[in-house]
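Visitor: Contents of target-v2.cif (mmCIF, C-alpha atoms):
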```cif
data_final
#
loop_
_atom_site.label_atom_id
_atom_site.label_comp_id
_atom_site.auth_asym_id
_atom_site.auth_seq_id
_atom_site.Cartn_x
_atom_site.Cartn_y
_atom_site.Cartn_z
CA MET A 1 12.56 71.14 15.81
CA ALA A 2 9.81 73.69 15.12
CA VAL A 3 7.41 74.26 12.24
CA LYS A 4 8.24 77.44 10.34
CA LEU A 5 6.16 79.02 7.59
CA ILE A 6 8.21 80.57 4.80
CA ALA A 7 7.49 82.30 1.49
CA LYS A 8 8.64 80.58 -1.67
CA LYS A 9 10.40 82.84 -4.12
CA GLY A 10 9.56 82.81 -7.81
CA SER A 11 7.30 80.57 -9.84
CA THR A 12 6.45 77.08 -8.64
CA PHE A 13 6.30 75.75 -12.19
CA HIS A 14 8.44 72.80 -13.22
CA ASP A 15 7.81 69.55 -15.07
CA PHE A 16 9.38 66.15 -14.52
CA PRO A 17 12.98 66.79 -15.61
CA TYR A 18 13.43 63.80 -17.93
CA SER A 19 14.48 64.73 -21.46
CA HIS A 20 14.69 61.45 -23.32
CA PRO A 21 12.65 59.63 -26.01
CA GLU A 22 11.92 56.82 -23.51
CA ARG A 23 10.40 59.20 -20.96
CA LYS A 24 7.33 57.60 -19.32
CA CYS A 25 6.22 60.56 -17.23
CA ILE A 26 3.27 62.67 -18.32
CA HIS A 27 3.81 66.39 -18.76
CA CYS A 28 3.04 67.82 -15.38
CA TRP A 29 3.22 70.87 -13.13
CA ILE A 30 4.93 69.75 -9.94
CA ILE A 31 4.13 71.87 -6.89
CA ASN A 32 6.14 70.99 -3.80
CA VAL A 33 4.57 72.14 -0.56
CA THR A 34 7.91 72.25 1.28
CA PRO A 35 11.55 72.47 0.24
CA ALA A 36 13.44 69.20 -0.08
CA GLY A 37 15.46 68.28 2.99
CA PRO A 38 15.74 65.91 5.94
CA ASN A 39 13.43 67.88 8.24
CA GLN A 40 10.71 68.75 5.74
CA CYS A 41 9.03 65.33 5.94
CA ILE A 42 8.49 63.64 9.28
CA HIS A 43 8.17 60.15 7.78
CA ASN A 44 11.96 59.58 7.66
CA CYS A 45 11.76 56.81 5.03
CA ILE A 46 15.21 55.26 4.71
CA TYR A 47 15.18 55.06 0.89
CA CYS A 48 14.05 58.66 0.28
CA TYR A 49 16.11 60.58 -2.29
CA ALA A 50 14.54 63.96 -1.53
CA ARG A 51 15.79 64.19 2.05
CA GLU A 52 19.35 64.55 0.79
CA ALA A 53 19.04 65.86 -2.75
CA ILE A 54 21.69 68.30 -3.91
CA TYR A 55 19.16 71.12 -3.57
CA SER A 56 18.04 70.13 -0.06
CA ASN A 57 17.47 72.64 2.71
CA TYR A 58 19.18 71.46 5.90
CA SER A 59 17.26 73.73 8.23
CA GLU A 60 16.67 72.30 11.70
CA ASP A 61 13.07 73.47 11.41
CA THR A 62 10.27 71.91 9.36
CA LEU A 63 9.74 74.50 6.61
CA ILE A 64 6.36 74.89 4.93
CA TYR A 65 5.56 77.26 2.08
CA ASN A 66 2.75 79.65 2.99
CA ASN A 67 2.30 81.54 -0.29
CA LEU A 68 1.73 78.77 -2.85
CA PRO A 69 -1.87 79.68 -3.82
CA GLU A 70 -0.77 83.23 -4.59
CA LEU A 71 2.18 82.09 -6.70
CA VAL A 72 0.17 79.42 -8.51
CA GLU A 73 -2.68 81.80 -9.28
CA LYS A 74 -0.23 84.27 -10.78
CA ASP A 75 0.89 81.61 -13.28
CA LEU A 76 -2.64 80.36 -13.93
CA LYS A 77 -3.65 83.86 -14.97
CA LYS A 78 -0.92 83.77 -17.66
CA MET A 79 -1.73 80.31 -19.00
CA THR A 80 -4.03 79.29 -21.82
CA LEU A 81 -3.34 75.60 -21.13
CA CYS A 82 -2.68 74.04 -17.74
CA PRO A 83 -1.06 70.60 -17.40
CA PRO A 84 -2.11 68.24 -14.61
CA ILE A 85 -0.65 69.20 -11.25
CA SER A 86 1.26 66.90 -8.89
CA LEU A 87 1.20 67.51 -5.12
CA SER A 88 3.95 66.96 -3.88
CA ASN A 89 7.15 65.21 -5.01
CA VAL A 90 9.76 66.03 -2.38
CA SER A 91 7.65 65.69 0.77
CA ASP A 92 4.30 64.25 1.79
CA PRO A 93 1.48 66.81 1.41
CA CYS A 94 -0.68 64.97 3.96
CA GLN A 95 1.72 64.82 6.89
CA ASP A 96 0.02 65.17 10.26
CA ILE A 97 1.16 68.76 10.72
CA PRO A 98 -1.72 71.27 11.20
CA GLU A 99 0.13 74.13 9.50
CA LEU A 100 0.86 71.95 6.46
CA LYS A 101 -2.72 70.71 6.17
CA LYS A 102 -3.98 74.29 6.27
CA GLU A 103 -1.73 75.34 3.38
CA VAL A 104 -2.52 72.21 1.34
CA LYS A 105 -6.23 72.88 1.76
CA ARG A 106 -5.78 76.45 0.56
CA LEU A 107 -3.86 75.29 -2.48
CA THR A 108 -6.30 72.48 -3.31
CA ARG A 109 -9.23 74.90 -3.03
CA LEU A 110 -7.54 77.15 -5.58
CA LEU A 111 -6.94 74.27 -8.03
CA MET A 112 -10.58 73.24 -7.76
CA ASP A 113 -11.79 76.82 -8.23
CA TYR A 114 -9.77 77.07 -11.44
CA GLY A 115 -10.90 73.66 -12.72
CA VAL A 116 -7.51 72.02 -13.39
CA SER A 117 -6.47 68.36 -13.16
CA PHE A 118 -4.42 67.27 -10.15
CA PHE A 119 -3.25 64.29 -8.15
CA ILE A 120 -1.90 63.87 -4.65
CA THR A 121 0.72 61.31 -3.60
CA THR A 122 0.85 60.47 0.10
CA LYS A 123 1.50 57.96 2.85
CA GLY A 124 -0.74 59.98 5.13
CA ASP A 125 -4.46 60.43 5.52
CA PRO A 126 -5.95 62.82 2.94
CA SER A 127 -9.36 62.81 4.66
CA PHE A 128 -8.87 66.40 5.85
CA LEU A 129 -9.41 67.48 2.25
CA LEU A 130 -13.00 66.23 2.50
CA GLU A 131 -13.63 69.38 4.53
CA LEU A 132 -13.44 71.25 1.22
CA PRO A 133 -16.95 71.47 -0.29
CA GLY A 134 -17.13 69.40 -3.47
CA PHE A 135 -13.75 67.72 -3.04
CA ALA A 136 -15.06 64.16 -3.32
CA GLU A 137 -17.01 64.90 -6.50
CA TYR A 138 -14.34 67.00 -8.19
CA ARG A 139 -12.92 65.59 -11.43
CA PRO A 140 -10.41 64.97 -12.84
CA LYS A 141 -8.21 64.02 -9.91
CA PHE A 142 -6.95 60.97 -8.06
CA ILE A 143 -5.10 60.19 -4.85
CA ALA A 144 -2.09 57.86 -4.89
CA ILE A 145 -1.30 56.18 -1.58
CA THR A 146 2.17 54.68 -1.23
CA ILE A 147 2.22 51.27 0.47
CA GLU A 148 5.60 49.72 -0.23
CA GLY A 149 5.01 46.43 1.52
CA THR A 150 3.53 44.54 4.44
CA ARG A 151 3.28 45.68 8.06
CA GLU A 152 6.74 44.29 8.77
CA VAL A 153 8.24 45.93 5.67
CA LEU A 154 6.80 49.35 6.50
CA ARG A 155 8.17 49.21 10.05
CA LEU A 156 11.64 48.77 8.56
CA LEU A 157 11.47 51.15 5.58
CA SER A 158 9.22 53.98 6.78
CA PRO A 159 9.08 53.68 10.56
CA ARG A 160 7.73 57.17 11.27
CA ALA A 161 5.11 57.17 8.52
CA PRO A 162 1.58 55.90 9.16
CA GLY A 163 1.49 52.12 9.45
CA PHE A 164 0.07 49.59 7.03
CA ASP A 165 -3.42 49.39 8.51
CA THR A 166 -3.70 53.20 8.67
CA ARG A 167 -2.74 53.62 5.01
CA VAL A 168 -5.11 50.88 3.83
CA ALA A 169 -7.93 52.35 5.92
CA ALA A 170 -7.29 55.77 4.36
CA ALA A 171 -7.46 54.27 0.86
CA ASP A 172 -10.67 52.43 1.71
CA ARG A 173 -12.29 55.52 3.26
CA ILE A 174 -11.39 57.77 0.32
CA SER A 175 -12.44 55.17 -2.25
CA ASN A 176 -15.81 54.76 -0.54
CA MET A 177 -16.34 58.50 -1.08
CA GLY A 178 -16.12 57.90 -4.82
CA ILE A 179 -12.57 59.21 -5.20
CA ASP A 180 -10.26 57.36 -7.59
CA ILE A 181 -7.44 55.60 -5.72
CA VAL A 182 -4.06 54.46 -7.03
CA ILE A 183 -1.67 52.42 -4.89
CA ARG A 184 2.06 52.93 -5.32
CA LEU A 185 3.83 49.65 -4.51
CA ASP A 186 6.94 51.70 -4.82
CA PRO A 187 9.65 50.83 -4.11
CA ILE A 188 9.28 47.14 -3.44
CA PHE A 189 12.57 45.55 -2.40
CA VAL A 190 12.21 41.86 -3.21
CA HIS A 191 15.24 40.86 -1.10
CA LEU A 192 13.64 42.34 2.00
CA PHE A 193 10.54 40.24 1.30
CA GLN A 194 12.80 37.22 0.87
CA ALA A 195 14.59 38.02 4.13
CA LEU A 196 11.33 38.29 6.04
CA TYR A 197 9.29 35.53 4.41
CA SER A 198 11.78 33.10 2.84
CA ASP A 199 10.18 30.80 0.26
CA TYR A 200 6.74 32.36 0.82
CA TRP A 201 7.73 35.93 -0.09
CA PHE A 202 5.84 36.11 -3.39
CA GLU A 203 2.66 34.88 -1.70
CA LYS A 204 2.98 37.94 0.55
CA VAL A 205 3.12 40.16 -2.53
CA ALA A 206 0.00 38.47 -3.90
CA GLY A 207 -1.73 38.99 -0.56
CA LEU A 208 -1.00 42.71 -0.74
CA LEU A 209 -2.75 42.89 -4.09
CA ASP A 210 -5.86 41.32 -2.55
CA VAL A 211 -5.83 44.00 0.14
CA PHE A 212 -5.38 46.81 -2.39
CA ALA A 213 -8.20 45.57 -4.58
CA ALA A 214 -10.52 45.26 -1.57
CA ALA A 215 -9.67 48.85 -0.59
CA GLY A 216 -10.93 50.07 -3.96
CA ALA A 217 -7.67 50.68 -5.82
CA ARG A 218 -8.12 50.99 -9.57
CA HIS A 219 -4.47 50.99 -10.57
CA ILE A 220 -1.08 49.91 -9.18
CA ILE A 221 2.22 51.68 -9.89
CA ALA A 222 5.33 49.73 -8.93
CA SER A 223 9.10 49.89 -9.01
CA THR A 224 11.94 47.90 -7.49
CA GLY A 225 13.77 51.10 -6.58
CA LYS A 226 16.84 53.03 -7.60
CA LEU A 227 19.56 53.44 -4.99
CA SER A 228 22.68 55.53 -4.65
CA ARG A 229 25.96 54.78 -2.93
CA ARG A 230 26.70 58.46 -2.53
CA ARG A 231 26.79 59.65 1.07
CA PHE A 232 25.27 62.93 2.19
CA PRO A 233 25.48 64.66 5.56
CA SER A 234 22.43 63.66 7.57
CA ALA A 235 21.66 63.77 11.25
CA THR A 236 18.89 61.21 10.81
CA HIS A 237 20.83 58.63 8.83
CA LYS A 238 24.43 59.33 9.96
CA GLY A 239 25.74 60.03 6.49
CA SER A 240 24.99 56.58 5.04
CA SER A 241 23.88 56.13 1.43
CA THR A 242 20.44 54.85 0.44
CA TRP A 243 22.10 51.64 -0.80
CA GLN A 244 23.78 51.10 2.57
CA ARG A 245 20.56 51.69 4.49
CA ILE A 246 18.62 49.13 2.49
CA TYR A 247 21.49 46.64 2.69
CA GLN A 248 21.67 47.02 6.48
CA VAL A 249 17.93 46.54 6.92
CA ILE A 250 17.97 43.38 4.80
CA TYR A 251 21.08 42.11 6.59
CA SER A 252 19.40 42.57 9.98
CA GLN A 253 16.75 40.07 8.86
CA SER A 254 18.88 37.71 6.74
CA PRO A 255 22.60 37.94 5.89
CA ARG A 256 21.96 35.51 3.03
CA ALA A 257 19.29 37.74 1.47
CA ALA A 258 21.61 40.73 1.92
CA ARG A 259 24.34 38.97 -0.06
CA LYS A 260 21.84 38.31 -2.86
CA PHE A 261 20.83 41.98 -2.76
CA GLU A 262 24.50 43.00 -3.08
CA GLN A 263 24.92 40.72 -6.11
CA GLU A 264 21.64 41.53 -7.84
CA TYR A 265 21.39 45.31 -7.39
CA ILE A 266 23.90 46.54 -9.93
CA TYR A 267 24.74 49.95 -11.31
CA GLU A 268 22.76 50.83 -14.42
CA ALA A 269 22.97 53.92 -16.59
CA HIS A 270 19.43 55.01 -17.40
CA TRP A 271 17.50 57.82 -19.07
CA SER A 272 16.07 58.83 -15.68
CA GLY A 273 19.51 58.85 -14.04
CA GLY A 274 22.05 56.22 -13.12
CA GLY A 275 21.76 54.18 -9.96
CA TYR A 276 21.73 50.72 -8.44
CA ARG A 277 18.71 48.75 -9.69
CA LEU A 278 17.54 45.18 -9.55
CA ARG A 279 19.16 43.35 -12.45
CA ARG A 280 17.07 43.90 -15.55
CA ASP A 281 16.08 40.29 -16.24
CA LEU A 282 15.02 39.81 -12.63
CA ARG A 283 12.89 42.94 -12.47
CA LEU A 284 11.26 42.18 -15.83
CA SER A 285 10.31 38.71 -14.61
CA PHE A 286 9.04 40.08 -11.29
CA HIS A 287 6.91 42.83 -12.84
CA ARG A 288 5.34 40.52 -15.40
CA LYS A 289 4.28 38.10 -12.68
CA VAL A 290 2.81 40.91 -10.56
CA LYS A 291 1.06 42.46 -13.57
CA GLU A 292 -0.72 39.18 -14.25
CA LEU A 293 -1.95 39.03 -10.66
CA VAL A 294 -3.02 42.69 -10.67
CA GLU A 295 -5.04 42.35 -13.85
CA ALA A 296 -6.67 39.16 -12.58
CA ARG A 297 -8.00 41.27 -9.69
CA GLY A 298 -9.58 43.83 -11.98
CA MET A 299 -6.92 46.53 -11.65
CA THR A 300 -4.34 47.87 -14.09
CA TYR A 301 -0.57 47.95 -13.64
CA ALA A 302 2.33 50.16 -14.67
CA ILE A 303 6.02 50.49 -13.87
CA CYS A 304 7.60 53.72 -12.71
CA GLN A 305 10.47 54.44 -15.12
CA GLU A 306 12.48 51.23 -14.90
CA LEU A 307 10.84 49.38 -17.83
CA SER A 308 9.08 50.52 -20.98
CA ALA A 309 5.28 50.50 -21.20
CA GLN A 310 5.44 47.89 -23.96
CA GLU A 311 7.39 45.51 -21.74
CA SER A 312 5.41 45.68 -18.55
CA ASP A 313 2.38 48.02 -18.37
CA SER A 314 -1.27 47.09 -18.81
CA PRO A 315 -2.49 47.81 -22.33
CA GLY A 316 -4.89 50.66 -22.97
CA ILE A 317 -4.03 52.90 -20.04
CA PRO A 318 -3.42 56.60 -20.85
CA SER A 319 -0.08 56.72 -19.02
CA CYS A 320 1.80 55.04 -16.19
CA HIS A 321 -0.56 56.85 -13.80
CA GLY A 322 -3.33 54.62 -15.11
CA LEU A 323 -6.16 57.16 -14.90
CA PRO A 324 -6.96 60.11 -17.17
CA LEU A 325 -5.36 63.42 -16.19
CA PRO A 326 -5.83 65.78 -19.12
CA PHE A 327 -4.54 69.25 -19.77
CA ALA A 328 -7.17 71.93 -19.15
CA ARG A 329 -7.91 74.85 -21.47
CA LYS A 330 -8.75 78.34 -20.23
CA GLN A 331 -12.30 79.52 -20.90
CA ALA A 332 -13.66 83.03 -21.41
CA ASP A 333 -14.31 83.41 -17.66
CA GLY A 334 -10.67 82.64 -16.81
CA LYS A 335 -11.42 79.19 -15.44
CA PHE A 336 -10.23 75.96 -17.09
CA LYS A 337 -11.95 72.88 -18.52
CA PRO A 338 -10.38 69.48 -19.29
CA VAL A 339 -9.32 68.99 -22.91
CA PRO A 340 -11.32 66.04 -24.33
CA GLY A 341 -9.08 63.25 -25.58
CA CYS A 342 -5.94 64.55 -23.86
CA THR A 343 -3.77 62.19 -21.79
CA ALA A 344 -0.92 64.65 -20.94
CA ASN A 345 1.31 61.87 -22.29
CA CYS A 346 1.93 64.15 -25.26
CA HIS A 347 5.01 62.54 -26.79
CA VAL A 348 3.28 59.13 -26.83
CA SER A 349 -0.45 59.68 -27.31
CA CYS A 350 -0.13 62.52 -29.82
CA ARG A 351 2.98 61.40 -31.70
CA GLY A 352 2.59 62.22 -35.39
CA LEU A 353 -0.56 64.32 -34.96
CA SER A 354 -0.72 67.70 -36.64
CA ASN A 355 -3.95 68.52 -34.75
CA PRO A 356 -3.58 67.24 -31.17
CA PRO A 357 -6.56 67.66 -28.81
CA CYS A 358 -4.98 70.71 -27.14
CA GLY A 359 -4.40 72.53 -30.44
CA GLN A 360 -0.68 72.97 -29.79
CA PRO A 361 1.43 70.48 -31.77
CA GLU A 362 4.61 72.13 -30.41
CA LEU A 363 3.89 70.36 -27.10
CA ILE A 364 4.35 66.92 -28.68
CA SER A 365 7.79 66.46 -27.18
CA TYR A 366 9.55 64.46 -24.51
CA GLU A 367 11.33 67.65 -23.39
CA PRO A 368 10.12 69.07 -20.05
CA LEU A 369 7.41 71.70 -20.37
CA ARG A 370 8.27 75.36 -20.08
CA LEU A 371 5.81 77.86 -18.71
CA LYS A 372 5.97 80.11 -21.78
CA GLU A 373 4.77 77.22 -23.97
CA LEU A 374 1.51 77.15 -22.01
CA CYS A 375 0.83 80.85 -22.40
CA LEU A 376 0.42 80.70 -26.19
CA GLN A 377 -2.88 80.79 -28.03
CA PRO A 378 -3.81 77.34 -29.36
CA ASN A 379 -3.50 76.74 -33.08
CA ARG A 380 -6.75 78.17 -34.43
CA ALA A 381 -6.76 75.84 -37.43
CA SER A 382 -6.44 72.85 -35.09
CA LEU A 383 -9.38 74.02 -33.02
CA ALA A 384 -11.50 74.70 -36.08
CA ALA A 385 -10.76 71.25 -37.48
CA ARG A 386 -12.22 69.69 -34.33
CA GLY A 387 -15.25 71.97 -34.44
#
```
Represent the supplied structure as structure tokens.
Guide:
Amino acid sequence: MAVKLIAKKGSTFHDFPYSHPERKCIHCWIINVTPAGPNQCIHNCIYCYAREAIYSNYSEDTLIYNNLPELVEKDLKKMTLCPPISLSNVSDPCQDIPELKKEVKRLTRLLMDYGVSFFITTKGDPSFLLELPGFAEYRPKFIAITIEGTREVLRLLSPRAPGFDTRVAAADRISNMGIDIVIRLDPIFVHLFQALYSDYWFEKVAGLLDVFAAAGARHIIASTGKLSRRRFPSATHKGSSTWQRIYQVIYSQSPRAARKFEQEYIYEAHWSGGGYRLRRDLRLSFHRKVKELVEARGMTYAICQELSAQESDSPGIPSCHGLPLPFARKQADGKFKPVPGCTANCHVSCRGLSNPPCGQPELISYEPLRLKELCLQPNRASLAARG
């Protein structure tokens, strides 16, 4: 398997695809640094949906886009408003691949030069981005590091990704540079914890929160996962479904816990897509207990998709991401500045407003953003009303 640089065709622009009044996701510009597919991320996490998505590229090579800054700049030149940018949703942008790091640095430099909001989600070490002058001080941005369990859990779920101590050390190092850190405890499979730790499994969860707080995390995002029983062709996972993989891992540690998993992960239709989830009453109870522990440690807590903010998230946070990530407005010099008072959670924070902070009330919608909506002049009356 070789690394191959390829050119992406067309615009990179797309928002989270959820079109439902209960949408929790902020409006966002998602930029994926590789195609989806089994060989585009070396971590080989057994629960990953993106390795075998319907749009996956099954190339035997690891494919990396080498023209993203050029494509992104083309769209930035058209925009009057830029939403926060997510790097990267279908593969890790901080994999230990020199060619990938080079392209991610080029793209990050461009985003900083233009002054837009962004966040990076990784299991890797983002320290290479500190080579960019001003990266540590740049705002608004944050780095989300996924740590879905203990050392033993990570060895079973994400065996080729960096280990527990490496991820925690990366969070600690980045936090000590003054960079905002979010930890994604996502997904956390409670039956695997029960299989490994029996009656003491929840104490292990509490211990993780102590580690995250000590590493400087400001916010925790969690989920108990959504699994599919659909099988896809895969050389790495032999055509098994994500549900089967998790079941087999739990069974290898405890057949009893695996039987509970089979009974308690049930199919649920949902605004973000149907799948097998932890039974609703169980996940609500779990998240409320964890939220209490998180807040007692001085952090905030939110759930990714599977419960409403009112049911389970810390009060007062701008969105499930926990930290401010505003839209940015183009200035006379072509660069952007953050919009004061914006959360990018348009359909929640600005509901009912005729003069939202961005000046574009047409964006107050749970529908995914379209590029053309961001290339309009803001409502002049709205801007004048705010002085």
Visitor: Using the chain letters and numbers from this file, what does the PyMOL selection byres ((chain A and resi 142) around 12) select? Give the answer as a PDB file with C-alpha atoms, keeping the file's coordinate frame.
Guide:
```
ATOM      1  CA  PRO A  84      -2.110  68.240 -14.610  1.00  0.00           C
ATOM      2  CA  ILE A  85      -0.650  69.200 -11.250  1.00  0.00           C
ATOM      3  CA  SER A  86       1.260  66.900  -8.890  1.00  0.00           C
ATOM      4  CA  LEU A  87       1.200  67.510  -5.120  1.00  0.00           C
ATOM      5  CA  SER A 117      -6.470  68.360 -13.160  1.00  0.00           C
ATOM      6  CA  PHE A 118      -4.420  67.270 -10.150  1.00  0.00           C
ATOM      7  CA  PHE A 119      -3.250  64.290  -8.150  1.00  0.00           C
ATOM      8  CA  ILE A 120      -1.900  63.870  -4.650  1.00  0.00           C
ATOM      9  CA  THR A 121       0.720  61.310  -3.600  1.00  0.00           C
ATOM     10  CA  THR A 122       0.850  60.470   0.100  1.00  0.00           C
ATOM     11  CA  PRO A 126      -5.950  62.820   2.940  1.00  0.00           C
ATOM     12  CA  PHE A 135     -13.750  67.720  -3.040  1.00  0.00           C
ATOM     13  CA  ALA A 136     -15.060  64.160  -3.320  1.00  0.00           C
ATOM     14  CA  GLU A 137     -17.010  64.900  -6.500  1.00  0.00           C
ATOM     15  CA  TYR A 138     -14.340  67.000  -8.190  1.00  0.00           C
ATOM     16  CA  ARG A 139     -12.920  65.590 -11.430  1.00  0.00           C
ATOM     17  CA  PRO A 140     -10.410  64.970 -12.840  1.00  0.00           C
ATOM     18  CA  LYS A 141      -8.210  64.020  -9.910  1.00  0.00           C
ATOM     19  CA  ILE A 143      -5.100  60.190  -4.850  1.00  0.00           C
ATOM     20  CA  ALA A 144      -2.090  57.860  -4.890  1.00  0.00           C
ATOM     21  CA  ILE A 145      -1.300  56.180  -1.580  1.00  0.00           C
ATOM     22  CA  ALA A 171      -7.460  54.270   0.860  1.00  0.00           C
ATOM     23  CA  ILE A 174     -11.390  57.770   0.320  1.00  0.00           C
ATOM     24  CA  SER A 175     -12.440  55.170  -2.250  1.00  0.00           C
ATOM     25  CA  MET A 177     -16.340  58.500  -1.080  1.00  0.00           C
ATOM     26  CA  GLY A 178     -16.120  57.900  -4.820  1.00  0.00           C
ATOM     27  CA  ILE A 179     -12.570  59.210  -5.200  1.00  0.00           C
ATOM     28  CA  ASP A 180     -10.260  57.360  -7.590  1.00  0.00           C
ATOM     29  CA  ILE A 181      -7.440  55.600  -5.720  1.00  0.00           C
ATOM     30  CA  VAL A 182      -4.060  54.460  -7.030  1.00  0.00           C
ATOM     31  CA  ILE A 183      -1.670  52.420  -4.890  1.00  0.00           C
ATOM     32  CA  ALA A 217      -7.670  50.680  -5.820  1.00  0.00           C
ATOM     33  CA  ARG A 218      -8.120  50.990  -9.570  1.00  0.00           C
ATOM     34  CA  HIS A 219      -4.470  50.990 -10.570  1.00  0.00           C
ATOM     35  CA  HIS A 321      -0.560  56.850 -13.800  1.00  0.00           C
ATOM     36  CA  GLY A 322      -3.330  54.620 -15.110  1.00  0.00           C
ATOM     37  CA  LEU A 323      -6.160  57.160 -14.900  1.00  0.00           C
ATOM     38  CA  PRO A 324      -6.960  60.110 -17.170  1.00  0.00           C
ATOM     39  CA  LEU A 325      -5.360  63.420 -16.190  1.00  0.00           C
TER      40      LEU A 325
END
```
Visitor: If we count all atoms listed in the file, what is near Ala258 (chain A) at a cut-off of 12 Å, once residues fewer than 2 positions away on the same chain are taken out, given as a list of chain:residue names?
Guide: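 Neighbouring residues, sequence-local ones excluded: A:Phe189, A:Val190, A:His191, A:Leu192, A:Phe193, A:Gln194, A:Ala195, A:Leu196, A:Trp243, A:Gln244, A:Arg245, A:Ile246, A:Tyr247, A:Gln248, A:Val249, A:Ile250, A:Tyr251, A:Ser252, A:Gln253, A:Ser254, A:Pro255, A:Arg256, A:Lys260, A:Phe261, A:Glu262, A:Gln263, A:Glu264, A:Tyr265.
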Visitor: Just the residues within 12 Å of Lys102 (chain A), please, counting only C-alpha atoms, with nothing from its chain fewer than 3 positions along; format it as a ChimeraX atom specification.
Guide: /A:5,33,64-69,93-99,105-109,128-129,131-132
Visitor: Distance CA of Ala344 (chain A)-CA of Glu373 (chain A), one decimal place?
Guide: 14.1 Å
Visitor: Could you tell me how far CA of Pro21 (chain A) lies from CA of Gly316 (chain A), in Å and to one decimal?
Guide: 19.9 Å
Visitor: Using all atoms listed in the file, which of the listed residues (A:Gly134, A:Gly207, A:Pro83, A:Gly273) sits closest to Thr343 (chain A)?
Guide: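 Ranked by minimum distance to Thr343 (chain A), first place goes to A:Pro83.
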Visitor: Take CA of Arg184 (chain A) and CA of Ile303 (chain A) and report the distance between them in Å, one decimal.
Guide: 9.7 Å
